[in-house]
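Worksheet: the structure to be examined is printed underneath.
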Amino acid sequence: MSTILPKGHKKLLNAWAFYDWANSVYNLTISSAIFPIFWGALTIIKDDDGTIINDTVRFLGYDFNNDSLISYVTALAFLVVSFISPFLSGIADYVGNKKNFLKFFCYLGAVSCIGLYWFSLEHLWFGLLCYFLALIGFWASLVFYNSYLPDIAFPEQQDAISAKGYSLGYIGSVILLIINLIMILKFEWFGFEDEGTPTRLSFVMVGVWWILFSQYTYYYLPKGNKKDVLTKAVIFNGFKELKMIWHALQKDVRLRRYLTSFFVYSMAVQTIMLIATYFGIEELDWGDQNPTTGLIISILLIQLVAVLGAILTSRASSKFGNIKTLITINFIWIGICIYAYTITTPFQFYIAAAIVGLVMGGIQALSRSTYSKFLPKDAVDTASYFSFYDVSEKIGIVIGMFSYGIIAQLTGSVRYSILFLILFFAIGLILLFRVPRNK
């Protein structure tokens with residue numbers, strides 16, 4: 001059962017934004033914080049001085065660098081999301097049941113997070129499968145979540161509500177991460193013998209949190225735009241609509257050039273967000289400091305500063321325009337990459353984390369709302385338009401993660417991967433300068 005509210009209604013906008021609160025715990029705990037540390041502890045052998053003596057993992061009969069293996073699994077999952085999105089978005093727009101698809105992938109991702117509790121090297125295939133399906137559930141659900149933005153908000157509302165969604169996500173995920181961090185570091189308070197069990201329980205808590213808090217969003221979101229009957233022809237309707245949108249982009253110079261620039265710079269942004277913790281684990285000299293504590297503090301710093309970054313970016317875009325603001329943010333990202341290549345100490349890592357947080361929330365929220373505002377005013381099949389957007393983002397991540405994995409495998413260092421990402425930001429910047437300011 002749900003309550004039908006008119007477009008632009010404050011309660012409807014808040015309910016939509018609240019899904020960020022529900023699902024962002026996956027992005028923080030699984031993608032960025034606790035799981036990467038857990039993976040490192042599971043796969044890296046160090047001597048008494050903290051020097052890595054083995055970081056090789058055997059999987060399916062082959063030896064992989066641990067960073068390379070997880071990056072390949074991540075890239076493969078994004079490739080699957082890129083392939084299935086056109087099917088799903090076309091069906092969702094055609095039969096008008098976007099909410100059902102949003103629920104399905106939410107539950108798939110959440111249950112898979114719970115399955116990570118049983119992750120072990122002895123049954124590595126099961127653990128990586130859960131990681132793989134959790135990633136698919138999270139990102140596939142965003143296809144339908146993002147596509148609701150032009151349906152529930154008027155153009156003048158979209159920048160602010162998009163930023164609010166990311167802000168809620170950062171706050172909610174930080175709350176759960178702090179709870180998990182206390183459980184892990186003070187495991188004896190909760191009757192655990194070591195930090196292993198509370199670490200695994202944090203994966204379970206992510207799944208439960210995601211399911212429970214998403215119910216508020218489902219209560220108010222409309223079912224969809226259309227009410228046509230599902231037929232066999234509809235299965236490939238998404239690809240037909242993407243082809244139609246591709247042709248439409250050839251006539252819409254502004255939208256085409258913006259989407260191309262987003263495709264390129266998003267490769268770098270998403271890859272950095274996915275590998276930041278792995279970088280901290282292997283490339284920094286933590287000395288006597290607990291790496292787990294230090295890394296999670298840096299991630300918390302990123303999340304908290306990102307709230308401010310999303311708000312400031314929304315205000316900057318209102319004053320200077322979306323494209324000019326995005327250009328400035330991309331320049332900052334290039335500076336971050338250059339600085340990250342040189343850092344060796346935790347303090348330097350914290351400085352980089354603070355700057356990353358400031359621009360991370362801004363570039364995500366503004367990229368989404370800019371695309372939404374650039375859509376044709378008469379667009380009805382918004383899920384297909386956003387599928388195009390999401391497919392662009394995911395294919396970019398596949399390229400970015402495979403590039404990272406190959407460079408890490410060949411050089412044994414994440415630093416060179418970070419340096420390589422500057423190229424993506426530079427190309428994205430050039431393309432942003434070519435986006436017309438007006439239609």
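Starting from 1 in every chain, residues are counted up; chains themselves are A, B, ... following the order of the structure tokens, and ligands are numbered from 1 as listed.
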
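Excluding Ala306 of chain A itself and same-chain residues fewer than 2 positions from it, the residues having an atom within 7 Å of it are Ile302, Gln303, Leu304, Leu308, Gly309, Ala310, Gly357, Leu358, Val359, Met360 and Gly361 of chain A, counting only C-alpha atoms.
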
Could you save the residues just selected, with C-alpha atoms, as a tab-separated table (two decimals), in the first residue's frame?
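Below is the file that was written, part18.tsv:
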chain	number	residue	atom	x	y	z
A	302	ILE	CA	35.12	11.91	3.70
A	303	GLN	CA	31.45	11.20	4.42
A	304	LEU	CA	30.97	14.11	6.82
A	308	LEU	CA	28.97	20.08	3.22
A	309	GLY	CA	30.33	19.55	-0.28
A	310	ALA	CA	26.94	18.56	-1.70
A	357	GLY	CA	34.93	14.47	0.63
A	358	LEU	CA	34.40	18.10	-0.31
A	359	VAL	CA	34.23	17.37	-4.05
A	360	MET	CA	32.88	13.80	-3.98
A	361	GLY	CA	29.37	14.66	-2.81

Residues within 8 Å of Leu176 of chain A, please, as a PDB file with C-alpha atoms, in the first residue's frame. Count only C-alpha atoms; anything in the same chain fewer than 4 positions from it doesn't count.
ATOM      1  CA  VAL A  25      25.275   2.006   4.056  1.00  0.00           C
ATOM      2  CA  GLY A 172      22.863   7.581   7.627  1.00  0.00           C
ATOM      3  CA  ASN A 180      30.069  -0.990  13.550  1.00  0.00           C
ATOM      4  CA  VAL A 206      24.000  -3.323   6.335  1.00  0.00           C
TER       5      VAL A 206
END

Practice problem: May I have the residues within 10 Å of Leu431 of chain A as a ChimeraX atom specification, using only C-alpha atoms and disregarding those fewer than 5 positions away in the same chain? | Solution: /A:257-262,264-265,327,425-426

Output N, CA, C and O atoms for every residue in the selection just made, as an mmCIF file, in the first residue's frame.
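So the final result, stored in selection_20.cif, reads:
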data_model
loop_
_atom_site.group_PDB
_atom_site.id
_atom_site.type_symbol
_atom_site.label_atom_id
_atom_site.label_comp_id
_atom_site.auth_asym_id
_atom_site.auth_seq_id
_atom_site.Cartn_x
_atom_site.Cartn_y
_atom_site.Cartn_z
ATOM 1 N N ARG A 257 26.998 16.078 -25.553
ATOM 2 C CA ARG A 257 28.336 16.462 -25.111
ATOM 3 C C ARG A 257 28.474 16.343 -23.591
ATOM 4 O O ARG A 257 29.534 15.945 -23.092
ATOM 5 N N TYR A 258 27.412 16.666 -22.879
ATOM 6 C CA TYR A 258 27.482 16.534 -21.424
ATOM 7 C C TYR A 258 27.628 15.067 -21.027
ATOM 8 O O TYR A 258 28.449 14.726 -20.174
ATOM 9 N N LEU A 259 26.843 14.194 -21.653
ATOM 10 C CA LEU A 259 26.890 12.777 -21.311
ATOM 11 C C LEU A 259 28.266 12.181 -21.624
ATOM 12 O O LEU A 259 28.776 11.341 -20.873
ATOM 13 N N THR A 260 28.877 12.634 -22.715
ATOM 14 C CA THR A 260 30.213 12.153 -23.077
ATOM 15 C C THR A 260 31.240 12.576 -22.029
ATOM 16 O O THR A 260 32.092 11.781 -21.607
ATOM 17 N N SER A 261 31.161 13.821 -21.601
ATOM 18 C CA SER A 261 32.099 14.306 -20.585
ATOM 19 C C SER A 261 31.886 13.566 -19.264
ATOM 20 O O SER A 261 32.854 13.182 -18.590
ATOM 21 N N PHE A 262 30.624 13.344 -18.903
ATOM 22 C CA PHE A 262 30.313 12.612 -17.678
ATOM 23 C C PHE A 262 30.886 11.203 -17.739
ATOM 24 O O PHE A 262 31.461 10.710 -16.764
ATOM 25 N N VAL A 264 33.495 10.133 -19.187
ATOM 26 C CA VAL A 264 34.950 10.100 -19.031
ATOM 27 C C VAL A 264 35.373 10.443 -17.604
ATOM 28 O O VAL A 264 36.121 9.695 -16.969
ATOM 29 N N TYR A 265 34.890 11.576 -17.068
ATOM 30 C CA TYR A 265 35.375 11.945 -15.731
ATOM 31 C C TYR A 265 34.803 11.034 -14.649
ATOM 32 O O TYR A 265 35.425 10.839 -13.598
ATOM 33 N N ILE A 327 33.251 22.009 -14.007
ATOM 34 C CA ILE A 327 34.603 22.242 -14.510
ATOM 35 C C ILE A 327 35.567 22.514 -13.348
ATOM 36 O O ILE A 327 36.662 21.946 -13.275
ATOM 37 N N PHE A 425 40.303 12.667 -16.056
ATOM 38 C CA PHE A 425 39.812 13.983 -15.630
ATOM 39 C C PHE A 425 40.139 15.057 -16.665
ATOM 40 O O PHE A 425 39.317 15.946 -16.944
ATOM 41 N N ALA A 426 41.327 14.992 -17.236
ATOM 42 C CA ALA A 426 41.737 15.993 -18.224
ATOM 43 C C ALA A 426 40.848 15.942 -19.466
ATOM 44 O O ALA A 426 40.394 16.979 -19.971
#

If we count only C-alpha atoms, what is near Leu124 of chain A at a cut-off of 12 Å, once residues fewer than 2 positions away on the same chain are taken out, given as a PDB file with N, CA, C and O atoms, in the first residue's frame?
ATOM      1  N   TRP A  39      38.911  -7.662   3.602  1.00  0.00           N
ATOM      2  CA  TRP A  39      39.543  -8.343   2.467  1.00  0.00           C
ATOM      3  C   TRP A  39      41.070  -8.292   2.585  1.00  0.00           C
ATOM      4  O   TRP A  39      41.757  -9.292   2.359  1.00  0.00           O
ATOM      5  N   LEU A  42      42.311 -10.606   5.238  1.00  0.00           N
ATOM      6  CA  LEU A  42      42.127 -11.996   4.842  1.00  0.00           C
ATOM      7  C   LEU A  42      43.180 -12.444   3.827  1.00  0.00           C
ATOM      8  O   LEU A  42      43.565 -13.618   3.792  1.00  0.00           O
ATOM      9  N   THR A  43      43.652 -11.522   3.000  1.00  0.00           N
ATOM     10  CA  THR A  43      44.465 -11.917   1.843  1.00  0.00           C
ATOM     11  C   THR A  43      45.910 -11.432   1.892  1.00  0.00           C
ATOM     12  O   THR A  43      46.708 -11.822   1.029  1.00  0.00           O
ATOM     13  N   VAL A  57      46.351 -14.267  -4.116  1.00  0.00           N
ATOM     14  CA  VAL A  57      45.165 -15.082  -3.817  1.00  0.00           C
ATOM     15  C   VAL A  57      44.968 -16.084  -4.948  1.00  0.00           C
ATOM     16  O   VAL A  57      45.028 -15.715  -6.129  1.00  0.00           O
ATOM     17  N   ARG A  58      44.744 -17.334  -4.603  1.00  0.00           N
ATOM     18  CA  ARG A  58      44.491 -18.361  -5.618  1.00  0.00           C
ATOM     19  C   ARG A  58      42.993 -18.535  -5.787  1.00  0.00           C
ATOM     20  O   ARG A  58      42.271 -18.797  -4.829  1.00  0.00           O
ATOM     21  N   PHE A  59      42.539 -18.367  -7.024  1.00  0.00           N
ATOM     22  CA  PHE A  59      41.105 -18.451  -7.308  1.00  0.00           C
ATOM     23  C   PHE A  59      40.916 -19.079  -8.675  1.00  0.00           C
ATOM     24  O   PHE A  59      41.534 -18.665  -9.662  1.00  0.00           O
ATOM     25  N   LEU A  60      40.072 -20.120  -8.728  1.00  0.00           N
ATOM     26  CA  LEU A  60      39.770 -20.840  -9.974  1.00  0.00           C
ATOM     27  C   LEU A  60      41.041 -21.366 -10.648  1.00  0.00           C
ATOM     28  O   LEU A  60      41.149 -21.382 -11.884  1.00  0.00           O
ATOM     29  N   LEU A  69      42.346  -9.027  -8.156  1.00  0.00           N
ATOM     30  CA  LEU A  69      41.207  -9.946  -8.145  1.00  0.00           C
ATOM     31  C   LEU A  69      39.920  -9.227  -7.772  1.00  0.00           C
ATOM     32  O   LEU A  69      38.904  -9.375  -8.462  1.00  0.00           O
ATOM     33  N   ILE A  70      39.938  -8.439  -6.708  1.00  0.00           N
ATOM     34  CA  ILE A  70      38.708  -7.769  -6.283  1.00  0.00           C
ATOM     35  C   ILE A  70      38.295  -6.706  -7.298  1.00  0.00           C
ATOM     36  O   ILE A  70      37.103  -6.459  -7.509  1.00  0.00           O
ATOM     37  N   LEU A 116      27.604 -12.139   3.147  1.00  0.00           N
ATOM     38  CA  LEU A 116      29.035 -11.913   3.352  1.00  0.00           C
ATOM     39  C   LEU A 116      29.499 -12.327   4.741  1.00  0.00           C
ATOM     40  O   LEU A 116      30.704 -12.442   4.992  1.00  0.00           O
ATOM     41  N   TRP A 118      29.475 -15.149   5.868  1.00  0.00           N
ATOM     42  CA  TRP A 118      30.136 -16.449   5.739  1.00  0.00           C
ATOM     43  C   TRP A 118      31.328 -16.412   4.778  1.00  0.00           C
ATOM     44  O   TRP A 118      31.774 -17.437   4.296  1.00  0.00           O
ATOM     45  N   PHE A 119      31.851 -15.218   4.490  1.00  0.00           N
ATOM     46  CA  PHE A 119      32.985 -15.060   3.584  1.00  0.00           C
ATOM     47  C   PHE A 119      34.236 -15.714   4.188  1.00  0.00           C
ATOM     48  O   PHE A 119      34.579 -15.478   5.335  1.00  0.00           O
ATOM     49  N   SER A 120      34.924 -16.562   3.385  1.00  0.00           N
ATOM     50  CA  SER A 120      36.167 -17.182   3.838  1.00  0.00           C
ATOM     51  C   SER A 120      37.000 -17.579   2.627  1.00  0.00           C
ATOM     52  O   SER A 120      36.473 -17.740   1.515  1.00  0.00           O
ATOM     53  N   LEU A 121      38.312 -17.747   2.827  1.00  0.00           N
ATOM     54  CA  LEU A 121      39.186 -18.182   1.734  1.00  0.00           C
ATOM     55  C   LEU A 121      38.899 -19.619   1.331  1.00  0.00           C
ATOM     56  O   LEU A 121      39.116 -20.008   0.179  1.00  0.00           O
ATOM     57  N   GLU A 122      38.400 -20.426   2.270  1.00  0.00           N
ATOM     58  CA  GLU A 122      38.079 -21.820   1.974  1.00  0.00           C
ATOM     59  C   GLU A 122      36.895 -21.909   0.999  1.00  0.00           C
ATOM     60  O   GLU A 122      36.801 -22.841   0.200  1.00  0.00           O
ATOM     61  N   PHE A 126      31.926 -18.496  -2.892  1.00  0.00           N
ATOM     62  CA  PHE A 126      30.655 -18.061  -2.291  1.00  0.00           C
ATOM     63  C   PHE A 126      30.756 -16.602  -1.831  1.00  0.00           C
ATOM     64  O   PHE A 126      29.855 -15.798  -2.068  1.00  0.00           O
ATOM     65  N   GLY A 127      31.870 -16.260  -1.178  1.00  0.00           N
ATOM     66  CA  GLY A 127      32.046 -14.894  -0.705  1.00  0.00           C
ATOM     67  C   GLY A 127      32.085 -13.893  -1.843  1.00  0.00           C
ATOM     68  O   GLY A 127      31.436 -12.838  -1.786  1.00  0.00           O
ATOM     69  N   LEU A 128      32.838 -14.212  -2.906  1.00  0.00           N
ATOM     70  CA  LEU A 128      32.908 -13.308  -4.047  1.00  0.00           C
ATOM     71  C   LEU A 128      31.579 -13.237  -4.787  1.00  0.00           C
ATOM     72  O   LEU A 128      31.236 -12.196  -5.365  1.00  0.00           O
ATOM     73  N   LEU A 129      30.799 -14.337  -4.775  1.00  0.00           N
ATOM     74  CA  LEU A 129      29.477 -14.315  -5.388  1.00  0.00           C
ATOM     75  C   LEU A 129      28.559 -13.359  -4.634  1.00  0.00           C
ATOM     76  O   LEU A 129      27.820 -12.573  -5.259  1.00  0.00           O
ATOM     77  N   CYS A 130      28.607 -13.409  -3.300  1.00  0.00           N
ATOM     78  CA  CYS A 130      27.792 -12.485  -2.500  1.00  0.00           C
ATOM     79  C   CYS A 130      28.220 -11.037  -2.751  1.00  0.00           C
ATOM     80  O   CYS A 130      27.378 -10.143  -2.894  1.00  0.00           O
ATOM     81  N   TYR A 131      29.533 -10.808  -2.800  1.00  0.00           N
ATOM     82  CA  TYR A 131      30.050  -9.470  -3.097  1.00  0.00           C
ATOM     83  C   TYR A 131      29.570  -9.017  -4.477  1.00  0.00           C
ATOM     84  O   TYR A 131      29.138  -7.867  -4.660  1.00  0.00           O
ATOM     85  N   PHE A 132      29.634  -9.906  -5.442  1.00  0.00           N
ATOM     86  CA  PHE A 132      29.223  -9.655  -6.825  1.00  0.00           C
ATOM     87  C   PHE A 132      27.730  -9.293  -6.892  1.00  0.00           C
ATOM     88  O   PHE A 132      27.339  -8.299  -7.507  1.00  0.00           O
TER      89      PHE A 132
END

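The interatomic distance for the pair atom CA of Gly294 of chain A and atom CA of Cys113 of chain A works out to 23.8 Å.
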
Self-check item: Lys7 of chain A surroundings by only C-alpha atoms, 9 Å radius, close-in-sequence under 4 positions cut, as number ranges by chain
Solution: A: 12-13, 151-154

Practice problem: Identify which of the residues A:Cys106, A:Ile281, A:Val305, A:Ile34 lies closest to Ala352 of chain A, counting only C-alpha atoms when measuring atom-to-atom distances. | Solution: A:Val305

Quiz item: Which one of A:Arg256, A:Lys243, A:Lys103, A:Arg368 sits closest to Phe213 of chain A if you count only C-alpha atoms?
Solution: A:Lys103

Exercise. Would you please extract all helix (DSSP H, G or I) residues from segment 279-326 of chain A, as assigned by DSSP on the backbone, and give them as a PyMOL selection string?
Key: chain A and resi 279-283+291-320+322-326

Quiz item: Could you pull the residues within 10 Å of Asp67 of chain A, counting only C-alpha atoms, minus those fewer than 5 positions along the same chain, as a PyMOL selection string?
Solution: chain A and resi 36+39-40+43+55-57+72+275+278-279+282+404-406+408-409+412-414

Quiz item: Can you list, as a PyMOL selection string, every protein, DNA or RNA residue that comes within 12 Å of Phe388 of chain A when you count only C-alpha atoms, leaving out same-chain residues fewer than 4 positions away?
Solution: chain A and resi 81-90+143-144+146-147+238-246+248-249+255-256+259-260+262-263+371-372+375+381-384+392-395

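Between atom CA of Leu79 of chain A and atom CA of Ser387 of chain A there is a distance of 13.5 Å.
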
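Ranking A:Ile397, A:Met183, A:Ile407, A:Ala110 by their shortest atom-to-atom distance to Val208 of chain A, with only C-alpha atoms included, puts A:Ala110 first.
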
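In this model, the gap between atom CA of Ile179 of chain A and atom CA of Trp21 of chain A comes to 15.4 Å.
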